[in-house]
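**Q** Input file: my_file_31.cif. Contents: mmCIF, C-alpha atoms.
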data_my_file
loop_
_atom_site.label_atom_id
_atom_site.label_comp_id
_atom_site.auth_asym_id
_atom_site.auth_seq_id
_atom_site.Cartn_x
_atom_site.Cartn_y
_atom_site.Cartn_z
CA MET D 1 -10.43 -2.95 40.53
CA GLY D 2 -8.00 -4.67 38.21
CA SER D 3 -6.83 -8.25 38.03
CA LYS D 4 -3.53 -9.81 39.09
CA THR D 5 -2.38 -10.71 35.62
CA ARG D 6 1.07 -9.79 34.36
CA LYS D 7 1.61 -6.15 33.44
CA VAL D 8 1.50 -4.90 29.88
CA LYS D 9 2.84 -1.47 28.98
CA ILE D 10 1.11 0.69 26.41
CA ARG D 11 3.52 3.59 26.36
CA ASP D 12 3.00 5.07 29.85
CA LEU D 13 -0.19 3.13 30.61
CA GLU D 14 -0.05 -0.10 32.60
CA ILE D 15 -2.65 -2.79 31.83
CA GLY D 16 -3.08 -5.72 34.23
CA GLY D 17 -1.03 -6.51 37.31
CA GLY D 18 -3.58 -4.84 39.57
CA ALA D 19 -3.67 -1.57 37.62
CA PRO D 20 -7.04 0.22 37.29
CA ILE D 21 -9.19 -1.02 34.43
CA ALA D 22 -8.57 1.12 31.34
CA VAL D 23 -11.48 2.35 29.22
CA GLN D 24 -11.22 2.74 25.46
CA SER D 25 -13.19 3.69 22.38
CA MET D 26 -12.74 3.74 18.60
CA CYS D 27 -12.95 6.58 16.12
CA ALA D 28 -15.95 6.53 13.79
CA THR D 29 -14.45 9.06 11.40
CA HIS D 30 -12.67 7.97 8.23
CA THR D 31 -8.97 7.78 9.10
CA ARG D 32 -8.06 9.55 5.86
CA ASP D 33 -10.03 12.59 7.09
CA VAL D 34 -7.24 13.82 9.35
CA THR D 35 -9.05 16.90 10.66
CA ALA D 36 -12.22 15.03 11.65
CA THR D 37 -10.27 12.14 13.17
CA VAL D 38 -8.04 14.40 15.27
CA GLU D 39 -11.14 16.26 16.44
CA GLN D 40 -12.80 13.02 17.51
CA ILE D 41 -9.64 11.80 19.25
CA ARG D 42 -9.54 15.04 21.24
CA SER D 43 -13.21 14.66 22.15
CA LEU D 44 -12.69 11.09 23.36
CA GLN D 45 -9.58 12.13 25.28
CA SER D 46 -11.45 14.95 26.99
CA HIS D 47 -14.09 12.47 28.14
CA GLY D 48 -11.45 10.23 29.73
CA ALA D 49 -10.48 7.68 27.07
CA ASP D 50 -7.32 5.82 28.09
CA LEU D 51 -6.87 4.30 24.61
CA ILE D 52 -8.31 5.30 21.24
CA ARG D 53 -8.44 2.92 18.30
CA VAL D 54 -8.35 3.82 14.62
CA ALA D 55 -8.70 1.56 11.58
CA VAL D 56 -6.08 1.42 8.84
CA ASP D 57 -6.90 -0.38 5.62
CA ASN D 58 -4.60 1.00 2.93
CA ALA D 59 -1.59 3.20 2.17
CA GLY D 60 -3.73 6.34 2.25
CA ASP D 61 -4.85 5.56 5.79
CA VAL D 62 -1.21 5.01 6.79
CA ARG D 63 -0.24 8.45 5.47
CA ALA D 64 -3.17 9.99 7.33
CA LEU D 65 -2.21 8.15 10.51
CA ALA D 66 1.28 9.68 10.36
CA GLU D 67 -0.32 13.14 10.24
CA ILE D 68 -2.76 12.28 13.03
CA ARG D 69 0.14 11.18 15.23
CA LYS D 70 1.75 14.61 14.85
CA SER D 71 -1.42 16.28 16.11
CA THR D 72 -2.18 14.26 19.24
CA ASP D 73 -0.47 12.75 22.25
CA ALA D 74 -3.32 10.26 22.78
CA ARG D 75 -2.44 6.59 23.15
CA LEU D 76 -3.38 5.23 19.76
CA VAL D 77 -4.29 1.67 18.86
CA VAL D 78 -4.48 0.57 15.24
CA ASP D 79 -6.85 -2.09 13.99
CA LEU D 80 -5.28 -4.06 11.12
CA GLN D 81 -8.26 -6.34 10.41
CA GLU D 82 -7.58 -8.17 7.12
CA ASN D 83 -4.47 -6.20 6.14
CA PHE D 84 -1.79 -7.43 8.54
CA PRO D 85 1.15 -6.47 6.22
CA LEU D 86 0.48 -2.82 7.13
CA ALA D 87 1.86 -3.47 10.64
CA GLU D 88 5.33 -2.38 9.57
CA ASN D 89 4.02 0.95 8.26
CA VAL D 90 1.76 1.83 11.18
CA ALA D 91 3.96 0.72 14.09
CA PRO D 92 5.99 3.98 14.21
CA HIS D 93 2.79 5.98 14.74
CA VAL D 94 0.87 3.98 17.38
CA ASP D 95 1.22 2.51 20.85
CA LYS D 96 -0.62 -0.76 20.29
CA ILE D 97 -1.61 -2.97 17.36
CA ARG D 98 -4.63 -5.23 17.27
CA TYR D 99 -4.60 -8.26 14.98
CA ASN D 100 -7.42 -10.73 14.49
CA PRO D 101 -6.27 -14.40 14.33
CA GLY D 102 -9.24 -15.15 12.10
CA HIS D 103 -8.08 -12.72 9.41
CA LEU D 104 -4.45 -13.73 9.04
CA HIS D 105 -5.22 -16.37 6.42
CA HIS D 106 -6.68 -13.90 3.90
CA LEU D 107 -3.36 -12.55 2.57
CA GLU D 108 -0.03 -14.19 1.70
CA LYS D 109 -1.63 -17.64 1.81
CA GLN D 110 1.71 -19.33 1.13
CA THR D 111 3.07 -18.05 4.47
CA SER D 112 2.25 -19.95 7.67
CA ILE D 113 0.26 -18.33 10.46
CA GLU D 114 3.24 -18.90 12.77
CA ALA D 115 5.50 -16.93 10.43
CA LYS D 116 2.98 -14.11 10.13
CA VAL D 117 2.63 -13.80 13.91
CA ALA D 118 6.41 -13.91 14.34
CA TRP D 119 6.72 -11.07 11.83
CA ILE D 120 4.06 -8.95 13.60
CA ALA D 121 5.67 -9.61 17.00
CA GLY D 122 9.06 -8.62 15.60
CA ILE D 123 7.66 -5.33 14.34
CA ALA D 124 5.99 -4.67 17.70
CA LYS D 125 9.19 -5.46 19.60
CA LYS D 126 11.28 -3.22 17.34
CA HIS D 127 9.00 -0.22 17.89
CA GLY D 128 8.08 -0.84 21.54
CA VAL D 129 4.44 -1.41 20.62
CA ALA D 130 1.99 -3.60 22.54
CA LEU D 131 -0.27 -6.15 20.80
CA ARG D 132 -3.85 -7.25 21.23
CA VAL D 133 -4.85 -10.71 20.04
CA GLY D 134 -8.47 -9.97 19.17
CA VAL D 135 -10.58 -13.11 18.64
CA ASN D 136 -14.09 -12.36 17.38
CA CYS D 137 -17.14 -14.63 17.16
CA GLY D 138 -17.86 -13.75 13.54
CA SER D 139 -14.37 -14.40 12.23
CA VAL D 140 -12.91 -17.34 14.14
CA ALA D 141 -10.01 -18.93 12.23
CA PRO D 142 -11.52 -21.67 10.03
CA ASP D 143 -9.05 -24.35 11.14
CA PHE D 144 -10.13 -23.93 14.77
CA LEU D 145 -13.82 -24.10 13.85
CA GLU D 146 -13.17 -27.29 11.88
CA ARG D 147 -11.02 -28.80 14.63
CA PHE D 148 -13.64 -28.34 17.34
CA GLY D 149 -16.68 -29.40 15.34
CA GLY D 150 -18.54 -26.13 15.42
CA ASP D 151 -18.17 -25.65 19.19
CA HIS D 152 -17.88 -21.88 18.88
CA VAL D 153 -16.86 -21.16 22.46
CA ARG D 154 -14.11 -23.76 22.49
CA ALA D 155 -12.87 -22.63 19.06
CA ILE D 156 -12.58 -19.03 20.31
CA VAL D 157 -10.80 -20.04 23.51
CA GLU D 158 -8.43 -22.47 21.81
CA SER D 159 -7.56 -19.93 19.10
CA ALA D 160 -6.71 -17.30 21.71
CA ALA D 161 -4.69 -19.76 23.81
CA TRP D 162 -2.74 -21.00 20.77
CA HIS D 163 -1.73 -17.47 19.83
CA CYS D 164 -0.66 -16.78 23.40
CA GLU D 165 1.56 -19.85 23.36
CA LEU D 166 2.99 -18.77 20.03
CA LEU D 167 3.82 -15.25 21.27
CA ASP D 168 5.31 -16.64 24.47
CA LYS D 169 7.59 -18.94 22.46
CA LEU D 170 8.69 -15.87 20.52
CA LYS D 171 9.52 -14.26 23.89
CA PHE D 172 7.01 -11.49 23.24
CA THR D 173 4.86 -10.95 26.33
CA ASN D 174 3.65 -7.35 25.95
CA TYR D 175 0.18 -8.35 24.75
CA VAL D 176 -3.44 -8.59 25.85
CA VAL D 177 -6.22 -10.84 24.56
CA SER D 178 -9.88 -10.25 23.78
CA LEU D 179 -12.57 -12.89 23.24
CA LYS D 180 -15.71 -11.20 21.96
CA ASP D 181 -19.20 -12.22 20.96
CA SER D 182 -22.46 -10.36 20.35
CA ASP D 183 -24.13 -12.62 22.94
CA PRO D 184 -23.14 -11.42 26.43
CA TYR D 185 -23.58 -14.90 27.90
CA GLN D 186 -21.13 -16.30 25.35
CA VAL D 187 -18.71 -13.51 26.29
CA VAL D 188 -18.93 -14.65 29.91
CA GLU D 189 -18.42 -18.30 29.00
CA CYS D 190 -15.46 -17.61 26.70
CA ASN D 191 -13.66 -15.31 29.10
CA LYS D 192 -14.15 -17.56 32.12
CA ALA D 193 -12.77 -20.53 30.18
CA PHE D 194 -9.80 -18.54 28.86
CA SER D 195 -8.96 -17.04 32.24
CA GLU D 196 -8.92 -20.50 33.80
CA ARG D 197 -6.54 -21.58 31.05
CA ARG D 198 -4.31 -18.48 31.09
CA PRO D 199 -4.90 -16.47 34.29
CA ASP D 200 -1.64 -14.61 33.64
CA ILE D 201 -2.80 -12.85 30.44
CA PRO D 202 -4.46 -9.40 30.66
CA VAL D 203 -7.91 -9.38 29.05
CA HIS D 204 -9.73 -6.70 27.07
CA LEU D 205 -13.49 -7.05 27.66
CA GLY D 206 -16.32 -6.18 25.32
CA VAL D 207 -19.61 -7.35 23.86
CA THR D 208 -19.08 -6.90 20.15
CA GLU D 209 -21.97 -5.34 18.22
CA ALA D 210 -23.78 -4.55 21.48
CA GLY D 211 -25.92 -2.16 19.45
CA LEU D 212 -28.03 0.89 20.15
CA LEU D 213 -28.83 2.62 23.42
CA PRO D 214 -30.11 1.59 25.87
CA ASP D 215 -29.95 -2.13 24.99
CA GLY D 216 -26.24 -1.98 24.10
CA VAL D 217 -25.38 -0.82 27.60
CA THR D 218 -27.64 -3.43 29.16
CA LYS D 219 -26.06 -6.28 27.17
CA THR D 220 -22.61 -5.04 28.13
CA ARG D 221 -23.58 -4.92 31.79
CA VAL D 222 -24.68 -8.57 31.59
CA ALA D 223 -21.12 -9.58 30.73
CA PHE D 224 -19.14 -7.06 32.77
CA GLU D 225 -21.12 -7.58 35.98
CA GLN D 226 -20.37 -11.30 35.87
CA LEU D 227 -16.71 -11.09 34.86
CA ILE D 228 -15.17 -8.04 36.54
CA PRO D 229 -16.06 -9.09 40.13
CA LEU D 230 -14.18 -12.34 39.39
CA GLY D 231 -11.07 -10.32 38.55
CA ILE D 232 -11.47 -10.92 34.81
CA GLY D 233 -10.91 -7.79 32.74
CA ASP D 234 -8.07 -5.27 32.58
CA THR D 235 -9.33 -2.95 29.86
CA LEU D 236 -12.74 -2.61 28.23
CA ARG D 237 -14.92 -0.99 25.61
CA VAL D 238 -18.67 -0.50 25.48
CA SER D 239 -19.25 -1.02 21.73
CA LEU D 240 -22.27 1.08 20.78
CA THR D 241 -23.93 2.06 17.51
CA LEU D 242 -23.86 5.85 17.75
CA PRO D 243 -23.78 8.97 15.58
CA ASN D 244 -20.24 10.34 15.25
CA ALA D 245 -20.94 13.23 17.60
CA GLU D 246 -21.96 10.82 20.35
CA LYS D 247 -18.92 8.49 20.38
CA HIS D 248 -17.94 9.75 23.84
CA GLN D 249 -20.97 7.83 25.17
CA GLU D 250 -18.82 4.69 24.99
CA ILE D 251 -16.40 6.23 27.49
CA PHE D 252 -19.19 7.55 29.72
CA TRP D 253 -20.93 4.18 29.95
CA GLY D 254 -17.69 2.27 30.41
CA ARG D 255 -16.82 4.37 33.43
CA GLU D 256 -20.41 4.32 34.70
CA ILE D 257 -20.55 0.50 34.64
CA LEU D 258 -17.16 0.26 36.38
CA LYS D 259 -18.32 2.71 39.06
CA ASP D 260 -21.52 0.75 39.67
CA ILE D 261 -19.66 -2.56 39.96
CA GLN D 262 -17.16 -1.02 42.36
CA GLU D 263 -20.04 0.24 44.51
CA ASN D 264 -21.85 -3.13 44.27
CA LYS D 265 -24.72 -1.57 42.31
CA PHE D 266 -25.75 -4.39 40.01
CA VAL D 267 -28.55 -3.88 37.51
CA SER D 268 -31.22 -6.52 37.01
CA VAL D 269 -31.27 -7.29 33.28
CA PRO D 270 -33.52 -9.43 31.07
CA ASP D 271 -32.47 -12.63 29.35
CA PHE D 272 -31.76 -11.54 25.81
CA GLY D 273 -32.46 -15.04 24.54
CA LYS D 274 -36.18 -14.71 25.26
CA GLY D 275 -37.23 -11.99 22.83
CA LEU D 276 -36.28 -9.91 19.81
CA ASN D 277 -32.54 -9.27 19.79
CA ILE D 278 -31.11 -6.55 17.55
CA ILE D 279 -27.34 -6.55 17.24
CA SER D 280 -25.48 -3.83 15.36
CA CYS D 281 -21.79 -3.14 15.06
CA PRO D 282 -20.31 -0.10 16.76
CA SER D 283 -20.01 2.87 14.45
CA CYS D 284 -16.38 3.06 13.31
CA SER D 285 -14.23 4.32 10.45
CA ARG D 286 -14.87 1.17 8.40
CA VAL D 287 -18.57 2.00 7.98
CA GLU D 288 -19.08 2.44 4.24
CA ASN D 289 -22.18 4.63 4.35
CA GLY D 290 -23.07 7.13 7.07
CA ASP D 291 -26.73 6.08 6.79
CA PHE D 292 -25.83 2.81 8.53
CA VAL D 293 -26.48 4.31 11.98
CA LYS D 294 -29.80 5.80 10.88
CA LEU D 295 -30.80 2.46 9.38
CA ALA D 296 -29.98 0.61 12.61
CA MET D 297 -32.17 3.06 14.54
CA GLU D 298 -34.98 2.61 12.01
CA VAL D 299 -34.73 -1.18 12.26
CA LYS D 300 -35.16 -0.94 16.01
CA ARG D 301 -38.18 1.37 15.62
CA VAL D 302 -40.09 -0.60 13.00
CA THR D 303 -39.51 -4.07 14.46
CA GLY D 304 -40.76 -3.28 17.96
CA TYR D 305 -43.94 -5.27 17.34
CA ALA D 306 -41.83 -8.46 17.34
CA LYS D 307 -40.41 -7.85 20.83
CA ASP D 308 -41.83 -11.07 22.29
CA HIS D 309 -40.47 -13.35 19.56
CA ARG D 310 -37.12 -15.15 19.74
CA ILE D 311 -35.64 -13.58 16.62
CA THR D 312 -32.22 -12.02 16.09
CA ILE D 313 -31.69 -9.22 13.57
CA ALA D 314 -28.12 -8.13 12.78
CA VAL D 315 -27.24 -4.78 11.20
CA MET D 316 -23.60 -4.63 10.07
CA GLY D 317 -21.89 -1.58 8.60
CA CYS D 318 -18.94 -2.80 6.53
CA ARG D 319 -17.37 -5.58 4.48
CA VAL D 320 -15.29 -6.73 7.48
CA ASN D 321 -18.25 -7.47 9.73
CA GLY D 322 -21.03 -7.80 7.16
CA PRO D 323 -20.55 -11.19 5.50
CA GLY D 324 -19.64 -13.40 8.45
CA GLU D 325 -21.37 -11.72 11.35
CA THR D 326 -24.84 -11.77 9.79
CA ASP D 327 -24.68 -15.51 9.06
CA ASP D 328 -25.86 -16.57 12.51
CA ALA D 329 -28.70 -14.04 12.73
CA ASP D 330 -32.23 -14.95 11.69
CA LEU D 331 -32.22 -11.82 9.54
CA GLY D 332 -29.19 -9.77 8.60
CA LEU D 333 -28.56 -6.42 6.95
CA TRP D 334 -25.08 -6.04 5.47
CA CYS D 335 -24.68 -2.36 4.65
CA GLY D 336 -22.41 -1.50 1.71
CA PRO D 337 -21.51 1.86 0.14
CA HIS D 338 -24.76 2.15 -1.83
CA THR D 339 -26.89 -0.91 -1.16
CA VAL D 340 -27.90 -3.20 1.69
CA THR D 341 -27.81 -6.98 1.35
CA LEU D 342 -30.73 -8.55 3.19
CA LYS D 343 -29.96 -12.06 4.43
CA ARG D 344 -31.87 -14.88 6.03
CA ARG D 345 -29.17 -16.67 8.00
CA SER D 346 -26.32 -17.26 5.52
CA GLU D 347 -28.49 -16.92 2.40
CA ALA D 348 -28.94 -13.60 0.59
CA VAL D 349 -32.57 -12.58 0.04
CA GLY D 350 -31.67 -9.63 -2.17
CA SER D 351 -29.90 -6.29 -2.51
CA PHE D 352 -31.79 -3.08 -1.79
CA LYS D 353 -31.26 0.68 -1.69
CA TYR D 354 -31.05 2.04 1.86
CA HIS D 355 -34.53 3.60 1.59
CA GLU D 356 -36.02 0.38 0.16
CA VAL D 357 -34.78 -2.28 2.55
CA ILE D 358 -37.12 -1.75 5.53
CA PRO D 359 -40.30 -3.05 3.78
CA ALA D 360 -38.36 -6.11 2.61
CA LEU D 361 -37.04 -6.69 6.13
CA LYS D 362 -40.55 -6.45 7.60
CA HIS D 363 -41.84 -8.97 5.04
CA GLU D 364 -39.14 -11.47 6.06
CA LEU D 365 -39.74 -10.76 9.74
CA ASP D 366 -43.47 -11.38 9.40
CA GLN D 367 -42.77 -14.73 7.73
CA LEU D 368 -40.49 -15.76 10.60
CA ILE D 369 -43.12 -14.76 13.15
CA GLN D 370 -45.77 -16.85 11.34
CA VAL D 371 -43.46 -19.89 11.41
CA GLU D 372 -42.75 -19.36 15.13
CA VAL D 373 -46.44 -18.98 15.98
CA LYS D 374 -47.29 -22.19 14.14
#
Written as structure tokens, that's how I'd like the structure from this file.
**A**
Amino acid sequence: MGSKTRKVKIRDLEIGGGAPIAVQSMCATHTRDVTATVEQIRSLQSHGADLIRVAVDNAGDVRALAEIRKSTDARLVVDLQENFPLAENVAPHVDKIRYNPGHLHHLEKQTSIEAKVAWIAGIAKKHGVALRVGVNCGSVAPDFLERFGGDHVRAIVESAAWHCELLDKLKFTNYVVSLKDSDPYQVVECNKAFSERRPDIPVHLGVTEAGLLPDGVTKTRVAFEQLIPLGIGDTLRVSLTLPNAEKHQEIFWGREILKDIQENKFVSVPDFGKGLNIISCPSCSRVENGDFVKLAMEVKRVTGYAKDHRITIAVMGCRVNGPGETDDADLGLWCGPHTVTLKRRSEAVGSFKYHEVIPALKHELDQLIQVEVK
């Protein structure tokens, strides 16, 4: 498998151009904990990870990343999220940088997006680093959302295409693109539309916030089984909410799904729009309280009685995903360092201790069920 896009080089790894589909994961340890992060990188490597992503959010993380680089030969990807100016500091220590077009406006507001991208591309070119343009459903650049009147799919596709054109004009072509959503059907729609527009660009596939096992794997299959046979997808991640010790499951399931598709073993899956849908972000180093994973599991357990109702509950583990990516859910839990913000769509219901939020969630869920039944 592997599409006929142009080739991108991530150190010694080729992405696209007919190369085998690469499988990646992301560390759930805090980057500043060098020992734990190196240990997790080695675990993921031993389970067959082609690329391993870490998050860097401040100068302390950068210093830790430099130490991590000395201890591993793994192909490392850094996730800049809202702090794009760190690109210059992290580039010497990684093989690929991911930037999110929807986060570039947060800092240095007086500088144009074009200038920011040109600066990032210049850093990448100088250090021989690949880029990923990572467009995410919960953080689409506001100007694209405004331009396309709330058409989320078109806004995602147009944002990705615009950044591709910008990088091409800068004569930087060593990049891949990802267009992610928590709804697997939206992932299919976005990626089909983008690949028709830019069939030359290698694509990283994933269903963001796919959630807990086994549903997270099933949602991911929905998207991958429709896209990969069409030749769409050059690298992928199965984004699961897992305890730290189980992060290698992302690699296992990525390879398992690829194997099944290659052998034409397609799994019959339900329509996730017809019942209770729990989305939760993959455990990563940005999670601000380790109880986030336990809470996500508890949410799944205690809300099972609502399985036949068309209700979406989102459980997000950090300030990056929490605010925006709970707005579209019927009920959202934004997990901070000490408290959890319970939301009903974009409105906050209240702030609760981790051990206090479940009864409040059930109360809100019961109200939604009563409205639906009526």
**Q** For CA of Ile10 (chain D) and CA of Ala130 (chain D), quote the distance in Å rounded to one decimal.
**A**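 We find that CA of Ile10 (chain D) and CA of Ala130 (chain D) lie 5.8 Å from each other.
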**Q** Need the shell around Ser139 (chain D): protein/DNA/RNA residues with any atom at most 12 Å away, counting all atoms listed in the file. Skip same-chain ones fewer than 3 positions apart. Format as a compact mmCIF listing (two decimals) with C-alpha atoms, keeping the file's coordinate frame?
**A**
# COMPACT_ATOMS: atom_id res chain seq x y z
CA GLN D 81 -8.26 -6.34 10.41
CA GLU D 82 -7.58 -8.17 7.12
CA TYR D 99 -4.60 -8.26 14.98
CA ASN D 100 -7.42 -10.73 14.49
CA PRO D 101 -6.27 -14.40 14.33
CA GLY D 102 -9.24 -15.15 12.10
CA HIS D 103 -8.08 -12.72 9.41
CA LEU D 104 -4.45 -13.73 9.04
CA HIS D 105 -5.22 -16.37 6.42
CA HIS D 106 -6.68 -13.90 3.90
CA GLY D 134 -8.47 -9.97 19.17
CA VAL D 135 -10.58 -13.11 18.64
CA ASN D 136 -14.09 -12.36 17.38
CA PRO D 142 -11.52 -21.67 10.03
CA ASP D 143 -9.05 -24.35 11.14
CA PHE D 144 -10.13 -23.93 14.77
CA LEU D 145 -13.82 -24.10 13.85
CA HIS D 152 -17.88 -21.88 18.88
CA ALA D 155 -12.87 -22.63 19.06
CA ILE D 156 -12.58 -19.03 20.31
CA SER D 159 -7.56 -19.93 19.10
CA LEU D 179 -12.57 -12.89 23.24
CA LYS D 180 -15.71 -11.20 21.96
CA ASP D 181 -19.20 -12.22 20.96
CA THR D 208 -19.08 -6.90 20.15
CA VAL D 320 -15.29 -6.73 7.48
CA ASN D 321 -18.25 -7.47 9.73
CA GLY D 322 -21.03 -7.80 7.16
CA PRO D 323 -20.55 -11.19 5.50
CA GLY D 324 -19.64 -13.40 8.45
CA GLU D 325 -21.37 -11.72 11.35
CA THR D 326 -24.84 -11.77 9.79
CA ASP D 327 -24.68 -15.51 9.06
CA ASP D 328 -25.86 -16.57 12.51
**Q** I would like the residues chosen by the PyMOL selection byres ((chain D and resi 354) around 8) on the shown file; could you give them as an mmCIF file with C-alpha atoms, in the frame of the given file?
**A**
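The new file expr-v1.cif reads:
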data_model
loop_
_atom_site.group_PDB
_atom_site.id
_atom_site.type_symbol
_atom_site.label_atom_id
_atom_site.label_comp_id
_atom_site.auth_asym_id
_atom_site.auth_seq_id
_atom_site.Cartn_x
_atom_site.Cartn_y
_atom_site.Cartn_z
ATOM 1 C CA ASP D 291 -26.730 6.080 6.790
ATOM 2 C CA LEU D 295 -30.800 2.460 9.380
ATOM 3 C CA HIS D 338 -24.760 2.150 -1.830
ATOM 4 C CA THR D 339 -26.890 -0.910 -1.160
ATOM 5 C CA VAL D 340 -27.900 -3.200 1.690
ATOM 6 C CA PHE D 352 -31.790 -3.080 -1.790
ATOM 7 C CA LYS D 353 -31.260 0.680 -1.690
ATOM 8 C CA HIS D 355 -34.530 3.600 1.590
ATOM 9 C CA GLU D 356 -36.020 0.380 0.160
ATOM 10 C CA VAL D 357 -34.780 -2.280 2.550
#
**Q** Nearest to Val90 (chain D) among D:Gly254, D:Ala223, D:Ile113, D:Asn58, with distances taken over all atoms listed in the file: which residue is it?
**A**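 Nearest candidate to Val90 (chain D) out of D:Gly254, D:Ala223, D:Ile113, D:Asn58: D:Asn58.
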**Q** Applying the PyMOL selection byres ((chain D and resi 300) around 10) to the file I just gave you, which residues come out? Please list them as a ChimeraX atom specification.
**A** /D:211-212,276-279,295-299,301-305,307,313
**Q** Could you pull out every residue with an atom within 8 Å of (-3.4, -17.0, 26.8), file coordinates, counting only C-alpha atoms, and send them as a list in words?
**A**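 Returned residue set, sorted by chain then number, is Ala160, Ala161, Trp162, His163, Cys164, Glu165, Val177, Phe194, Ser195, Arg197, Arg198, Pro199, Asp200 and Ile201 of chain D.
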**Q** Which is closer to Gly290 (chain D) than all the others in D:Val217, D:Val8, D:Ala28, D:Cys190, using only C-alpha atoms?
**A** D:Ala28
**Q** Between CA of Asp330 (chain D) and CA of Lys294 (chain D), what is the distance, to one decimal in Å?
**A**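 If I compute the distance from CA of Asp330 (chain D) to CA of Lys294 (chain D), I get 20.9 Å.
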**Q** Using only C-alpha atoms for the distances, tell me which of D:Lys192, D:Lys219, D:Arg255, D:Arg42 is nearest to Gly233 (chain D).
**A**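 Closest to Gly233 (chain D) of all the choices is D:Lys192.
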**Q** Extract, using only C-alpha atoms, all DNA, RNA and protein residues at most 8 Å from Pro243 (chain D), discarding same-chain residues fewer than 4 positions from it, and format them as a ChimeraX atom specification.
**A** /D:247,283,293
**Q** For a test of reading the model, state the distance in Å between CA of Asn174 (chain D) and CA of Ile120 (chain D), rounded to one decimal.
**A**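 Result for CA of Asn174 (chain D) versus CA of Ile120 (chain D): 12.5 Å, one decimal.
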**Q** Starting from the PyMOL selection byres ((chain D and resi 262) around 12), expand the selection into actual residues of this file and give them as a ChimeraX atom specification.
**A** /D:1-2,20-21,224-225,228-229,231,255-261,263-266
